file input.cif (mmCIF, C-alpha atoms)
data_final
#
loop_
_atom_site.label_atom_id
_atom_site.label_comp_id
_atom_site.auth_asym_id
_atom_site.auth_seq_id
_atom_site.Cartn_x
_atom_site.Cartn_y
_atom_site.Cartn_z
CA MET Q 1 0.00 0.00 0.00
CA GLY Q 2 2.85 2.38 0.74
CA HIS Q 3 1.01 4.50 3.32
CA LYS Q 4 0.61 3.96 7.04
CA GLY Q 5 -2.88 4.20 8.47
CA PHE Q 6 -4.25 5.04 11.90
CA ILE Q 7 -7.53 3.38 12.81
CA SER Q 8 -10.07 5.01 15.10
CA TYR Q 9 -12.95 2.91 16.45
CA LYS Q 10 -15.15 2.09 19.44
CA TYR Q 11 -13.27 -0.86 20.92
CA LYS Q 12 -16.19 -2.55 22.71
CA ASP Q 13 -19.11 -1.80 20.40
CA ASN Q 14 -20.77 -5.22 20.12
CA ASN Q 15 -23.71 -4.13 17.97
CA VAL Q 16 -21.88 -5.25 14.84
CA SER Q 17 -22.12 -8.27 12.58
CA ASN Q 18 -19.91 -11.17 13.67
CA LEU Q 19 -16.89 -11.83 11.48
CA ASP Q 20 -16.04 -15.44 10.64
CA ASN Q 21 -13.01 -16.74 12.55
CA TYR Q 22 -12.96 -13.75 14.91
CA SER Q 23 -14.22 -14.22 18.42
CA LYS Q 24 -14.54 -10.89 20.24
CA GLY Q 25 -17.88 -9.98 18.68
CA THR Q 26 -16.97 -6.29 18.73
CA ALA Q 27 -15.62 -3.60 16.41
CA ARG Q 28 -12.15 -4.79 17.41
CA ASP Q 29 -12.63 -7.89 15.22
CA TYR Q 30 -12.75 -5.64 12.16
CA VAL Q 31 -9.46 -4.03 13.15
CA ASP Q 32 -7.88 -7.46 13.58
CA TYR Q 33 -9.22 -8.51 10.17
CA LEU Q 34 -7.63 -5.50 8.51
CA GLN Q 35 -4.33 -6.16 10.25
CA ASP Q 36 -4.40 -9.85 9.31
CA ASN Q 37 -5.57 -9.52 5.73
CA LYS Q 38 -5.26 -6.02 4.27
CA PHE Q 39 -2.24 -4.35 5.85
CA SER Q 40 1.32 -5.60 6.11
CA GLY Q 41 3.75 -5.33 8.99
CA ASP Q 42 3.27 -2.16 11.01
CA ASP Q 43 1.30 -0.30 8.33
CA LEU Q 44 -1.71 -0.02 10.65
CA ASN Q 45 -1.50 2.02 13.86
CA LYS Q 46 -4.27 1.05 16.27
CA ALA Q 47 -5.82 3.22 18.94
CA GLU Q 48 -5.80 0.29 21.35
CA ASN Q 49 -4.03 -3.06 21.62
CA ASP Q 50 -5.53 -6.17 23.19
CA GLU Q 51 -2.97 -6.15 25.99
CA ASP Q 52 -3.00 -2.38 26.36
CA ASP Q 53 -6.46 -1.00 27.14
CA LEU Q 54 -5.89 2.72 26.98
CA SER Q 55 -8.79 3.38 29.34
CA GLU Q 56 -6.47 2.30 32.14
CA PHE Q 57 -4.06 5.17 31.48
CA LYS Q 58 -4.33 8.79 32.53
CA ASP Q 59 -5.70 11.06 29.82
CA GLU Q 60 -2.42 12.85 29.07
CA THR Q 61 -0.62 9.52 28.72
CA ILE Q 62 -3.25 8.39 26.23
CA ARG Q 63 -2.96 11.61 24.26
CA THR Q 64 0.80 11.27 24.01
CA LYS Q 65 0.51 7.67 22.75
CA LEU Q 66 -2.16 8.58 20.23
CA LYS Q 67 -0.37 11.68 18.98
CA GLU Q 68 2.67 9.56 18.18
CA LYS Q 69 0.58 7.02 16.29
CA ILE Q 70 -1.38 9.63 14.33
CA TRP Q 71 1.82 11.59 13.60
CA ASP Q 72 3.31 8.43 12.13
CA SER Q 73 0.42 7.94 9.69
CA SER Q 74 -0.90 9.64 6.59
CA ALA Q 75 -4.47 8.33 6.63
CA THR Q 76 -6.99 7.87 9.42
CA ILE Q 77 -9.65 5.19 8.99
CA VAL Q 78 -12.59 5.70 11.33
CA LEU Q 79 -14.87 2.71 11.75
CA ILE Q 80 -18.48 3.85 11.99
CA SER Q 81 -20.45 1.49 14.24
CA PRO Q 82 -23.99 1.69 15.66
CA ASN Q 83 -22.96 2.44 19.25
CA MET Q 84 -19.80 4.45 18.62
CA VAL Q 85 -21.32 7.54 20.26
CA ASP Q 86 -21.86 7.43 24.02
CA HIS Q 87 -24.89 9.67 24.37
CA TYR Q 88 -24.43 9.87 28.14
CA LYS Q 89 -21.12 11.69 27.76
CA SER Q 90 -20.15 14.96 26.15
CA GLN Q 91 -18.51 14.38 22.78
CA ASN Q 92 -15.53 16.34 24.09
CA GLU Q 93 -15.03 13.58 26.67
CA GLN Q 94 -14.86 10.76 24.12
CA TRP Q 95 -11.74 9.58 22.33
CA ILE Q 96 -12.87 9.20 18.72
CA PRO Q 97 -13.64 12.93 18.27
CA TRP Q 98 -10.25 13.80 19.73
CA GLU Q 99 -8.52 11.35 17.36
CA ILE Q 100 -10.31 12.81 14.35
CA SER Q 101 -9.61 16.37 15.47
CA TYR Q 102 -5.90 15.65 15.85
CA SER Q 103 -5.86 13.82 12.51
CA LEU Q 104 -7.19 16.93 10.79
CA ARG Q 105 -4.60 19.29 12.25
CA SER Q 106 -1.27 20.33 10.83
CA SER Q 107 1.27 19.91 13.64
CA ILE Q 108 4.98 20.35 14.28
CA LYS Q 109 7.27 17.89 16.04
CA ASN Q 110 11.07 18.01 16.21
CA ASN Q 111 11.11 20.86 13.66
CA SER Q 112 9.15 18.70 11.23
CA ARG Q 113 5.64 19.51 10.06
CA SER Q 114 2.94 16.87 9.71
CA LEU Q 115 0.15 17.60 7.24
CA PRO Q 116 -3.44 16.74 8.14
CA ASN Q 117 -4.27 13.11 7.56
CA ALA Q 118 -6.59 11.86 4.89
CA VAL Q 119 -9.70 10.58 6.70
CA LEU Q 120 -12.03 7.83 5.50
CA ALA Q 121 -15.22 6.66 7.22
CA VAL Q 122 -15.77 2.90 6.88
CA VAL Q 123 -19.26 1.85 7.96
CA LEU Q 124 -19.52 -1.51 9.73
CA PRO Q 125 -22.63 -3.68 9.35
CA ASP Q 126 -24.85 -3.98 12.42
CA GLN Q 127 -25.87 -7.22 14.11
CA ASP Q 128 -28.45 -7.84 11.38
CA ASN Q 129 -25.76 -7.29 8.74
CA ASN Q 130 -27.37 -4.02 7.66
CA TYR Q 131 -25.94 -0.57 7.05
CA ASP Q 132 -29.17 1.41 7.18
CA TYR Q 133 -28.44 2.91 10.58
CA PHE Q 134 -26.00 5.14 8.67
CA ILE Q 135 -26.59 4.67 4.91
CA THR Q 136 -29.97 4.41 3.19
CA TYR Q 137 -31.12 4.61 -0.41
CA ARG Q 138 -34.22 5.89 -2.15
CA SER Q 139 -35.25 5.43 -5.74
CA TYR Q 140 -36.64 7.97 -8.19
CA GLN Q 141 -37.26 8.29 -11.93
CA ASP Q 142 -35.22 10.81 -13.89
CA ASP Q 143 -36.60 12.99 -16.66
CA ASP Q 144 -36.07 10.17 -19.16
CA GLY Q 145 -38.03 7.69 -17.04
CA ASN Q 146 -34.93 5.79 -15.89
CA GLU Q 147 -34.80 4.37 -12.36
CA ARG Q 148 -32.13 6.09 -10.25
CA SER Q 149 -30.96 5.72 -6.67
CA ILE Q 150 -29.89 8.39 -4.18
CA ARG Q 151 -27.68 7.52 -1.23
CA THR Q 152 -28.35 9.28 2.09
CA ILE Q 153 -25.68 9.52 4.79
CA HIS Q 154 -27.20 9.89 8.26
CA THR Q 155 -24.60 12.25 9.65
CA GLY Q 156 -26.65 12.78 12.80
CA SER Q 157 -25.75 9.24 13.87
CA THR Q 158 -22.07 10.01 14.38
CA PHE Q 159 -19.83 12.54 16.11
CA GLU Q 160 -20.20 16.18 15.14
CA ILE Q 161 -16.58 16.54 14.01
CA ILE Q 162 -17.09 13.70 11.53
CA ALA Q 163 -20.42 15.06 10.30
CA ASN Q 164 -18.99 18.58 9.97
CA ASN Q 165 -16.29 17.33 7.60
CA MET Q 166 -18.78 15.61 5.31
CA PHE Q 167 -20.43 17.56 2.45
CA ASN Q 168 -17.92 20.34 3.12
CA GLN Q 169 -16.46 20.93 -0.34
CA LYS Q 170 -16.27 24.68 -0.97
CA ASN Q 171 -17.72 24.45 -4.48
CA PRO Q 172 -19.65 21.19 -4.60
CA VAL Q 173 -21.50 19.82 -7.60
CA THR Q 174 -25.15 19.60 -6.56
CA GLU Q 175 -28.53 19.05 -8.13
CA ASN Q 176 -32.03 19.58 -6.81
CA ILE Q 177 -33.82 16.26 -7.19
CA GLN Q 178 -37.45 16.09 -6.11
CA GLY Q 179 -36.97 18.96 -3.68
CA ARG Q 180 -33.75 17.68 -2.10
CA ILE Q 181 -30.17 18.80 -2.67
CA VAL Q 182 -28.04 15.88 -3.90
CA TYR Q 183 -24.23 16.06 -3.88
CA PHE Q 184 -21.99 14.53 -6.54
CA GLY Q 185 -18.27 13.80 -6.81
CA ASP Q 186 -15.81 14.35 -3.96
CA SER Q 187 -18.17 16.53 -1.95
CA SER Q 188 -16.94 15.26 1.45
CA TYR Q 189 -13.42 15.41 2.84
CA ILE Q 190 -14.41 12.45 5.03
CA ALA Q 191 -15.97 10.19 2.44
CA THR Q 192 -18.11 7.19 3.43
CA VAL Q 193 -17.81 3.60 2.27
CA LYS Q 194 -19.44 0.36 3.39
CA TRP Q 195 -17.17 -2.24 4.96
CA ASP Q 196 -17.86 -4.84 2.25
CA ASP Q 197 -16.91 -2.39 -0.49
CA PHE Q 198 -13.85 -1.16 1.38
CA ILE Q 199 -12.27 -4.58 1.91
CA SER Q 200 -12.84 -5.46 -1.75
CA ASP Q 201 -10.46 -2.66 -2.81
CA VAL Q 202 -8.70 -1.08 0.17
CA ASP Q 203 -5.97 0.59 -1.86
CA THR Q 204 -8.36 2.40 -4.20
CA TYR Q 205 -10.40 3.88 -1.37
CA LEU Q 206 -7.31 4.97 0.54
CA GLU Q 207 -5.72 6.48 -2.55
CA SER Q 208 -8.92 8.43 -3.15
CA ALA Q 209 -8.82 9.73 0.43
CA LEU Q 210 -5.16 10.71 0.00
CA SER Q 211 -6.05 12.51 -3.23
CA ARG Q 212 -8.58 14.60 -1.31
CA ARG Q 213 -5.85 15.43 1.20
CA ASP Q 214 -3.71 16.68 -1.69
CA HIS Q 215 -6.58 19.06 -2.49
CA ILE Q 216 -7.51 19.88 1.10
CA SER Q 217 -7.78 23.59 0.27
CA ASP Q 218 -10.93 22.69 -1.67
CA TYR Q 219 -12.67 21.82 1.62
CA LYS Q 220 -13.89 23.71 4.68
CA ILE Q 221 -12.06 21.69 7.32
CA LYS Q 222 -13.36 21.93 10.88
CA VAL Q 223 -10.92 20.68 13.51
CA ASN Q 224 -12.67 21.78 16.70
CA MET Q 225 -14.86 19.36 18.59
#
call {"tool": "encode", "arguments": {"input": "input.cif", "output": "structure tokens"}}
result
Amino acid sequence: MGHKGFISYKYKDNNVSNLDNYSKGTARDYVDYLQDNKFSGDDLNKAENDEDDLSEFKDETIRTKLKEKIWDSSATIVLISPNMVDHYKSQNEQWIPWEISYSLRSSIKNNSRSLPNAVLAVVLPDQDNNYDYFITYRSYQDDDGNERSIRTIHTGSTFEIIANNMFNQKNPVTENIQGRIVYFGDSSYIATVKWDDFISDVDTYLESALSRRDHISDYKIKVNM
């Protein structure tokens, strides 16, 4: 692949479809699958390791560990899962928003500057193997009578910093279809892809995300949580 990724996810979210040959029954299985099958060596920096539950560390220790991992990567993959947001806590108190915020910043370390990461949202299937908690489709007929489909991303189901960096292209290509604004092309800095599609062609989706990073000035990036 040639690029190192950082993966952000809700470690213990168990409202996801079980993966064959993986036993945790949580979002962590999907991270393990990527490490075992799609990335080589140390090309994937994880937010947590099995033997190293970061919740046991003081906050500043966690931040230092995560900063180093994000610094050492060029793309952040955030796994969207049904229970990734803890609605009983402020989003500022949860780790995924902080990881995305830091990924989107340009930072300096040892007189070296790190550009913002490319960020890609990979949606995991829920326990019923469905994606409609985050992605739905509706059909319509175009002016020529052809059947078309519109994809809807339910940005309200995720963290604000992720939603705020979707549909944020400065000059997007849009069309009013049956009273609704529909976006086309690379309209989101944080693009969305289903898990099944992502694992079928990991390199293409990551290269597309990295291409958007190369044109980051085309987007209204929001880094504050």
call {"tool": "residues_near_point", "arguments": {"input": "input.cif", "point": "(-2.2, 11.3, 14.4)", "cutoff": "12 Å", "atoms": "all atoms listed in the file", "output": "number ranges by chain"}}
result
Q: 4-8, 44-47, 63-77, 96, 98-109, 114-119
call {"tool": "atom_distance", "arguments": {"input": "input.cif", "atom1": "CA of Arg213 (chain Q)", "atom2": "CA of Ser81 (chain Q)"}}
result
24.0 Å
call {"tool": "closest_residue", "arguments": {"input": "input.cif", "among": "Q:Ala121, Q:Leu206, Q:Ile161, Q:Val193", "to": "Asn92 (chain Q)", "atoms": "all atoms listed in the file"}}
result
Q:Ile161
call {"tool": "atom_distance", "arguments": {"input": "input.cif", "atom1": "CA of Ser90 (chain Q)", "atom2": "CA of Ala163 (chain Q)"}}
result
15.9 Å
call {"tool": "atom_distance", "arguments": {"input": "input.cif", "atom1": "CA of Lys170 (chain Q)", "atom2": "CA of Asp142 (chain Q)"}}
result
26.8 Å
call {"tool": "closest_residue", "arguments": {"input": "input.cif", "among": "Q:Asp144, Q:Asp128, Q:Asp59, Q:Asp218", "to": "Glu93 (chain Q)", "atoms": "only C-alpha atoms"}}
result
Q:Asp59
call {"tool": "resolve_selection", "arguments": {"input": "input.cif", "expression": "the PyMOL selection byres ((chain Q and resi 188) around 6)", "output": "list in words"}}
result
Met166, Phe167, Asn168, Gln169, Asp186, Ser187, Tyr189, Ile190 and Ala191 of chain Q
call {"tool": "resolve_selection", "arguments": {"input": "input.cif", "expression": "the PyMOL selection byres ((chain Q and resi 139) around 7)", "output": "number ranges by chain"}}
result
Q: 137-138, 140, 147-150
call {"tool": "write_last_selection", "arguments": {"input": "input.cif", "atoms": "C-alpha atoms", "output": "compact mmCIF listing (two decimals), in the frame of the given file"}}
result
# COMPACT_ATOMS: atom_id res chain seq x y z
CA TYR Q 137 -31.12 4.61 -0.41
CA ARG Q 138 -34.22 5.89 -2.15
CA TYR Q 140 -36.64 7.97 -8.19
CA GLU Q 147 -34.80 4.37 -12.36
CA ARG Q 148 -32.13 6.09 -10.25
CA SER Q 149 -30.96 5.72 -6.67
CA ILE Q 150 -29.89 8.39 -4.18
call {"tool": "decode", "arguments": {"input": "input.cif", "residues": "region 192-213 of chain Q", "atoms": "N, CA, C and O atoms", "output": "short mmCIF file (atom, residue, chain, number, x, y, z; two decimals), in the first residue's frame"}}
result
data_model
loop_
_atom_site.label_atom_id
_atom_site.label_comp_id
_atom_site.auth_asym_id
_atom_site.auth_seq_id
_atom_site.Cartn_x
_atom_site.Cartn_y
_atom_site.Cartn_z
N THR Q 192 -17.50 8.34 2.76
CA THR Q 192 -18.11 7.19 3.43
C THR Q 192 -18.14 6.00 2.51
O THR Q 192 -18.50 6.11 1.34
N VAL Q 193 -17.77 4.84 3.05
CA VAL Q 193 -17.81 3.60 2.27
C VAL Q 193 -18.26 2.45 3.17
O VAL Q 193 -17.91 2.42 4.37
N LYS Q 194 -19.04 1.55 2.64
CA LYS Q 194 -19.44 0.36 3.39
C LYS Q 194 -18.24 -0.57 3.57
O LYS Q 194 -17.36 -0.64 2.71
N TRP Q 195 -18.24 -1.30 4.66
CA TRP Q 195 -17.17 -2.24 4.96
C TRP Q 195 -16.95 -3.21 3.82
O TRP Q 195 -15.80 -3.44 3.39
N ASP Q 196 -18.00 -3.83 3.30
CA ASP Q 196 -17.86 -4.84 2.25
C ASP Q 196 -17.19 -4.26 1.01
O ASP Q 196 -16.37 -4.92 0.36
N ASP Q 197 -17.53 -3.03 0.67
CA ASP Q 197 -16.91 -2.39 -0.49
C ASP Q 197 -15.45 -2.04 -0.19
O ASP Q 197 -14.58 -2.19 -1.05
N PHE Q 198 -15.20 -1.56 1.01
CA PHE Q 198 -13.85 -1.16 1.38
C PHE Q 198 -12.87 -2.33 1.30
O PHE Q 198 -11.80 -2.21 0.69
N ILE Q 199 -13.23 -3.46 1.88
CA ILE Q 199 -12.27 -4.58 1.91
C ILE Q 199 -12.09 -5.20 0.53
O ILE Q 199 -11.12 -5.93 0.30
N SER Q 200 -13.00 -4.92 -0.40
CA SER Q 200 -12.84 -5.46 -1.75
C SER Q 200 -11.78 -4.70 -2.53
O SER Q 200 -11.23 -5.22 -3.51
N ASP Q 201 -11.45 -3.47 -2.08
CA ASP Q 201 -10.46 -2.66 -2.81
C ASP Q 201 -9.90 -1.58 -1.88
O ASP Q 201 -10.11 -0.39 -2.11
N VAL Q 202 -9.21 -2.00 -0.84
CA VAL Q 202 -8.70 -1.08 0.17
C VAL Q 202 -7.83 0.01 -0.44
O VAL Q 202 -7.97 1.20 -0.14
N ASP Q 203 -6.92 -0.38 -1.31
CA ASP Q 203 -5.97 0.59 -1.86
C ASP Q 203 -6.66 1.71 -2.62
O ASP Q 203 -6.29 2.89 -2.50
N THR Q 204 -7.68 1.37 -3.42
CA THR Q 204 -8.36 2.40 -4.20
C THR Q 204 -9.04 3.43 -3.31
O THR Q 204 -8.95 4.64 -3.54
N TYR Q 205 -9.70 2.96 -2.26
CA TYR Q 205 -10.40 3.88 -1.37
C TYR Q 205 -9.41 4.75 -0.59
O TYR Q 205 -9.66 5.95 -0.37
N LEU Q 206 -8.31 4.18 -0.17
CA LEU Q 206 -7.31 4.97 0.54
C LEU Q 206 -6.62 5.96 -0.38
O LEU Q 206 -6.37 7.11 0.01
N GLU Q 207 -6.34 5.55 -1.60
CA GLU Q 207 -5.72 6.48 -2.55
C GLU Q 207 -6.66 7.64 -2.86
O GLU Q 207 -6.22 8.79 -3.04
N SER Q 208 -7.95 7.36 -2.92
CA SER Q 208 -8.92 8.43 -3.15
C SER Q 208 -8.93 9.41 -1.98
O SER Q 208 -8.99 10.63 -2.18
N ALA Q 209 -8.86 8.88 -0.76
CA ALA Q 209 -8.82 9.73 0.43
C ALA Q 209 -7.54 10.57 0.43
O ALA Q 209 -7.56 11.77 0.77
N LEU Q 210 -6.43 9.98 0.06
CA LEU Q 210 -5.16 10.71 0.00
C LEU Q 210 -5.18 11.77 -1.10
O LEU Q 210 -4.57 12.84 -0.96
N SER Q 211 -5.90 11.51 -2.17
CA SER Q 211 -6.05 12.51 -3.23
C SER Q 211 -6.82 13.72 -2.71
O SER Q 211 -6.48 14.87 -3.03
N ARG Q 212 -7.84 13.48 -1.90
CA ARG Q 212 -8.58 14.60 -1.31
C ARG Q 212 -7.67 15.40 -0.37
O ARG Q 212 -7.77 16.63 -0.30
N ARG Q 213 -6.79 14.72 0.34
CA ARG Q 213 -5.85 15.43 1.20
C ARG Q 213 -4.95 16.34 0.36
O ARG Q 213 -4.62 17.45 0.76
#
